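Have a look at the structure below, then the notes.
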Amino acid sequence: MDHTVCTNPATGEVIGHSPLNNPDTVRQAVTLARKVQPAWASLPIRQRTKTIARVRDYLCDNADELAEIIARDNGKTRTDAMATEILPAAMAVDYYCRRANAFLKDRYLPPASLLLANKSSRLVRVPFGVVGIISPWNYPFSIPFSEVIMALAAGNAVVLKVASETQLVGRALERCIQAADLPPGLFAHLNLPGRQAGTAFLDAGVDKLFFTGSVAVGKTLMARAAQNLTPLVLELGGNDPMLVCPDADLARAAAGAVWAGLQNCGQSCGGVERIYVHRSVYQPFLDTLAPRVQQLRVGYDIDYHLDLGAMTTAKQKAEVQRQVQAAVEAGARIYAQSEAPAGGNGRFLPAMVITQVNHTMDIMRLETFGPVLCVMPVD
């Protein structure tokens with residue numbers, strides 16, 4: 001197959017195709033980027049940021065279209081696509097372009113001792129060269145976007161690989177960056193299987209690599225990068241807890257749990273997954289949380305009127321169902337849940353509150369990455 005088939009997680013329909021690349025293409029892209037990067041780095045910072053600022057204008061002019069592409073390709077709601085992808089991206093361009101000079105300018109350092117009083121020292125920030133970025137499917141636009149903007153503003157060239165599951169978003173992001181009219185080869189967006197990407201980038205000789213994804217793949221990349229001491233930035237998964245203390249405002253705590261745990265269908269690396277509630281307010285907290293979850297609107301959102309969309313991948317939907325089923329079989333209880341579309345080809349799950357859980361259950365030990373809140377009383 002020479003292309004990736006793109007499908008809408010909410011309907012199952014094919015919505016596009018993305019040409020597939022290979023490791024040779026990565027090497028070619030890195031080689032070209034390395035040739036054009038020095039000239040870009042030699043430009044004054046203000047000239048680089050003036051060029052990059054054109055991306056912000058493109059974002060603002062095409063915000064609704066971009067939000068629709070993200071929603072259709074990823075499965076999230078239009079509201080999530082606009083509020084957590086497009087708006088943060090536009091704000092990021094503005095912020096980094098305004099602050100780049102302050103961040104990157106030379107800094108003079110005072111003498112460390114009287115013996116060095118006749119010496120002058122300064123800190124000079126130099127671009128790495130070619131920066132590789134491997135980004136995830138849960139926030140397929142905003143996560144790689146900010147990394148691209150930062151790298152370019154600092155004088156680097158960028159080679160980007162977005163997730164195979166959200167290739168139409170990657171192509172849209174590519175059009176955004178191209179709106180800046182950068183030197184040819186300074187930015188490249190490539191599509192290759194995730195299992196090939198890390199090795200291909202490191203073998204091609206990128207000078208720094210960003211990866212957002214699983215702990216297992218992060219460990220593999222760290223070991224591989226260590227062979228050449230390639231700088232590596234990892235943002236990996238987690239199983240984040242929320243604590244509800246006896247003096248908490250329960251209405252605010254419940255609202256926070258719903259947003260932090262269920263936004264984007266719970267597919268957030270730093271999203272709340274398990275909630276520990278002081279026993280004295282455990283039942284009142286559940287009484288406050290349950291109706292909020294039951295009232296959530298789940299479905300295919302084209303008009304900014306729903307709360308949760310579809311799970312992005314069939315594999316992740318199946319993993320969430322496995323963890324919930326195993327927990328229930330081990331004694332857990334589905335205390336409350338929302339409605340969700342049934343039948344069809346959509347990857348929908350209801351939002352759920354799970355009680356009577358313990359730490360022998362995978363749902364409490366592993367990253368669930370779905371619309372599930374596990375609640376446990378503690379003393």
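Ordering of the structure tokens sets the chain letters (A, B, ...), residue numbers begin anew at 1 in every chain, and ligands are numbered from 1 in the order given.
For Pro377 of chain A, the set of protein, DNA and RNA residues having any atom at most 9 Å away, when counting only C-alpha atoms and skipping those fewer than 6 positions along the same chain, is Ile275, Tyr276, Val277, His278, Arg279, Ser280, Val281, Tyr282, Gln283 and Gln356 of chain A.
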Once you have the residues from the selection above, write them out as a tab-separated table (two decimals), in the first residue's frame, restricted to N, CA, C and O atoms.
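See part.tsv below for the written result:
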chain	number	residue	atom	x	y	z
A	275	ILE	N	-9.87	8.82	41.12
A	275	ILE	CA	-10.19	9.88	42.07
A	275	ILE	C	-10.25	9.29	43.47
A	275	ILE	O	-11.01	8.34	43.72
A	276	TYR	N	-9.44	9.82	44.37
A	276	TYR	CA	-9.43	9.40	45.76
A	276	TYR	C	-10.17	10.46	46.58
A	276	TYR	O	-9.76	11.62	46.62
A	277	VAL	N	-11.26	10.04	47.23
A	277	VAL	CA	-12.14	10.96	47.94
A	277	VAL	C	-12.13	10.62	49.42
A	277	VAL	O	-12.31	9.45	49.80
A	278	HIS	N	-11.95	11.64	50.27
A	278	HIS	CA	-11.99	11.39	51.71
A	278	HIS	C	-13.35	10.79	52.07
A	278	HIS	O	-14.39	11.23	51.60
A	279	ARG	N	-13.29	9.78	52.90
A	279	ARG	CA	-14.49	9.00	53.20
A	279	ARG	C	-15.64	9.88	53.72
A	279	ARG	O	-16.81	9.59	53.47
A	280	SER	N	-15.32	10.96	54.42
A	280	SER	CA	-16.36	11.80	55.00
A	280	SER	C	-17.20	12.53	53.94
A	280	SER	O	-18.32	12.96	54.22
A	281	VAL	N	-16.64	12.68	52.73
A	281	VAL	CA	-17.41	13.35	51.67
A	281	VAL	C	-17.56	12.44	50.44
A	281	VAL	O	-17.96	12.91	49.37
A	282	TYR	N	-17.29	11.17	50.61
A	282	TYR	CA	-17.32	10.24	49.48
A	282	TYR	C	-18.70	10.17	48.85
A	282	TYR	O	-18.85	10.39	47.63
A	283	GLN	N	-19.72	9.88	49.61
A	283	GLN	CA	-21.06	9.75	49.04
A	283	GLN	C	-21.60	11.08	48.53
A	283	GLN	O	-22.15	11.13	47.42
A	356	GLN	N	-16.23	0.91	43.84
A	356	GLN	CA	-15.85	-0.39	44.40
A	356	GLN	C	-14.63	-0.97	43.66
A	356	GLN	O	-14.58	-2.16	43.34
Item to check | All alpha helix (DSSP H) positions in segment 114-253 of chain A, as a ChimeraX atom specification | outcome: /A:142-153,167-178,194-204,215-226,250-253
Next on the checklist: I need the residues of segment 48-238 of chain A that end up classed as strand (DSSP E or B) by DSSP on the backbone, written out as a VMD selection string.
Outcome noted: chain A and resid 107 to 109 121 to 123 130 to 134 157 to 161 187 to 190 208 to 212 232 to 235
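Counting only C-alpha atoms and comparing A:Gly218, A:Gly266, A:Gly155, A:Gly346, the residue that lies closest to Thr199 of chain A is A:Gly218.
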Checklist entry - Which of these residues is nearest to Ala200 of chain A, using only C-alpha atoms: A:His359, A:Arg122, A:Lys161, A:His17? => result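 Among the listed residues, the smallest separation from Ala200 of chain A belongs to A:Lys161.
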Checklist entry - What is the distance between atom CA of Ser268 of chain A and atom CA of Leu366 of chain A, in Å to one decimal? => result 13.8 Å
Checklist entry - Of the candidates A:Ala29, A:Leu296, A:Leu20, A:Met311, which shows the shortest atom-to-atom distance to Phe201 of chain A, using only C-alpha atoms? => result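 Answer, going by the shortest atom-to-atom distance: A:Ala29.
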Item to check | Selection near Leu152 of chain A, 10 Å with only C-alpha atoms, sequence-local residues under 3 positions removed, as a ChimeraX atom specification | outcome: /A:37,40-41,48-49,52,127,129-131,146-149,155-158,182,186-187
Save the residues we just selected, C-alpha atoms, as a PDB file, in the first residue's frame?
ATOM      1  CA  GLN A  37      18.948  25.418   7.912  1.00  0.00           C
ATOM      2  CA  TRP A  40      17.559  30.332   8.132  1.00  0.00           C
ATOM      3  CA  ALA A  41      19.490  30.357  11.422  1.00  0.00           C
ATOM      4  CA  ARG A  48      12.303  34.688  11.455  1.00  0.00           C
ATOM      5  CA  THR A  49       9.365  35.439  13.730  1.00  0.00           C
ATOM      6  CA  ILE A  52       6.386  32.538  11.151  1.00  0.00           C
ATOM      7  CA  PRO A 127      20.074  26.073  17.088  1.00  0.00           C
ATOM      8  CA  GLY A 129      20.083  21.996  13.431  1.00  0.00           C
ATOM      9  CA  VAL A 130      17.425  19.554  12.260  1.00  0.00           C
ATOM     10  CA  VAL A 131      14.692  18.724  14.778  1.00  0.00           C
ATOM     11  CA  SER A 146       3.799  24.256  19.173  1.00  0.00           C
ATOM     12  CA  GLU A 147       6.912  22.102  18.857  1.00  0.00           C
ATOM     13  CA  VAL A 148       7.235  23.039  15.184  1.00  0.00           C
ATOM     14  CA  ILE A 149       6.821  26.757  15.898  1.00  0.00           C
ATOM     15  CA  GLY A 155      16.506  28.732  13.935  1.00  0.00           C
ATOM     16  CA  ASN A 156      16.086  25.001  13.344  1.00  0.00           C
ATOM     17  CA  ALA A 157      14.743  23.011  10.430  1.00  0.00           C
ATOM     18  CA  VAL A 158      11.911  20.548  11.216  1.00  0.00           C
ATOM     19  CA  LEU A 182       9.451  29.180   4.419  1.00  0.00           C
ATOM     20  CA  LEU A 186      13.154  23.855   5.959  1.00  0.00           C
ATOM     21  CA  PHE A 187       9.960  22.063   7.026  1.00  0.00           C
TER      22      PHE A 187
END
Checklist entry - Quick one: residues within 10 Å of Val375 of chain A, only C-alpha atoms counted, chain neighbours fewer than 5 positions away excluded, as a PyMOL selection string? => result chain A and resi 241-243+273-277+282+285-286+335+353-358+364
Counting only C-alpha atoms, which residues in segment 12-115 of chain A sit no more than 7 Å from segment 2-7 of chain A? For each one, give the nearest pair of atoms and the distance in Å, sorted by chain then residue number, as a tab-separated table.
residue	atom	partner	partner_atom	distance
A:Gly12	CA	A:Thr7	CA	5.8
A:Glu13	CA	A:Thr7	CA	5.4
A:Val14	CA	A:Thr7	CA	4.3
A:Ile15	CA	A:Thr7	CA	5.4
A:Gly16	CA	A:Cys6	CA	5.0
A:His17	CA	A:Val5	CA	4.7
A:Ser18	CA	A:Thr4	CA	5.0
A:Pro19	CA	A:His3	CA	4.2
A:Leu20	CA	A:His3	CA	4.5
A:Asp73	CA	A:Thr7	CA	6.5
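Residues with any atom within 12 Å of Asp64 of chain A, counting only C-alpha atoms and excluding same-chain neighbours fewer than 2 positions away, are Tyr58, Leu59, Cys60, Asp61, Asn62, Leu66, Ala67, Glu68, Ile69, Ile70, Ala71, Arg78, Thr79, Ala81, Met82, Ala83, Glu85, Ile86, Leu87, Ile302, Asp303 and Tyr304 of chain A.
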Checklist entry - In Å, how far is it from atom CA of Thr84 of chain A to atom CA of Met222 of chain A? => result 28.7 Å
Next on the checklist: So, with only C-alpha atoms as the atoms that count, which of A:Met361, A:Ala117, A:Ile177, A:Val217 lies closest to Gly194 of chain A?
Outcome noted: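 Checking each of A:Met361, A:Ala117, A:Ile177, A:Val217 against Gly194 of chain A, counting only C-alpha atoms, the winner is A:Val217.
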Next on the checklist: List the spatial neighbours of Gln227 of chain A as a ChimeraX atom specification - criterion: any atom at most 12 Å away, only C-alpha atoms, same-chain residues fewer than 5 positions off excluded.
Outcome noted: /A:199,202-203,205,220-222,232
Take the selection from the previous step and output its residues with C-alpha atoms, as a short mmCIF file (atom, residue, chain, number, x, y, z; two decimals), in the first residue's frame.
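Wrote again-v8.cif, looks like this:
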data_model
loop_
_atom_site.label_atom_id
_atom_site.label_comp_id
_atom_site.auth_asym_id
_atom_site.auth_seq_id
_atom_site.Cartn_x
_atom_site.Cartn_y
_atom_site.Cartn_z
CA THR A 199 14.58 4.44 14.07
CA LEU A 202 17.61 8.66 14.43
CA ASP A 203 19.31 6.80 11.58
CA GLY A 205 20.79 11.88 11.93
CA THR A 220 12.99 2.11 23.16
CA LEU A 221 13.73 5.54 21.69
CA MET A 222 15.75 6.57 24.74
CA LEU A 232 15.53 13.44 23.23
#
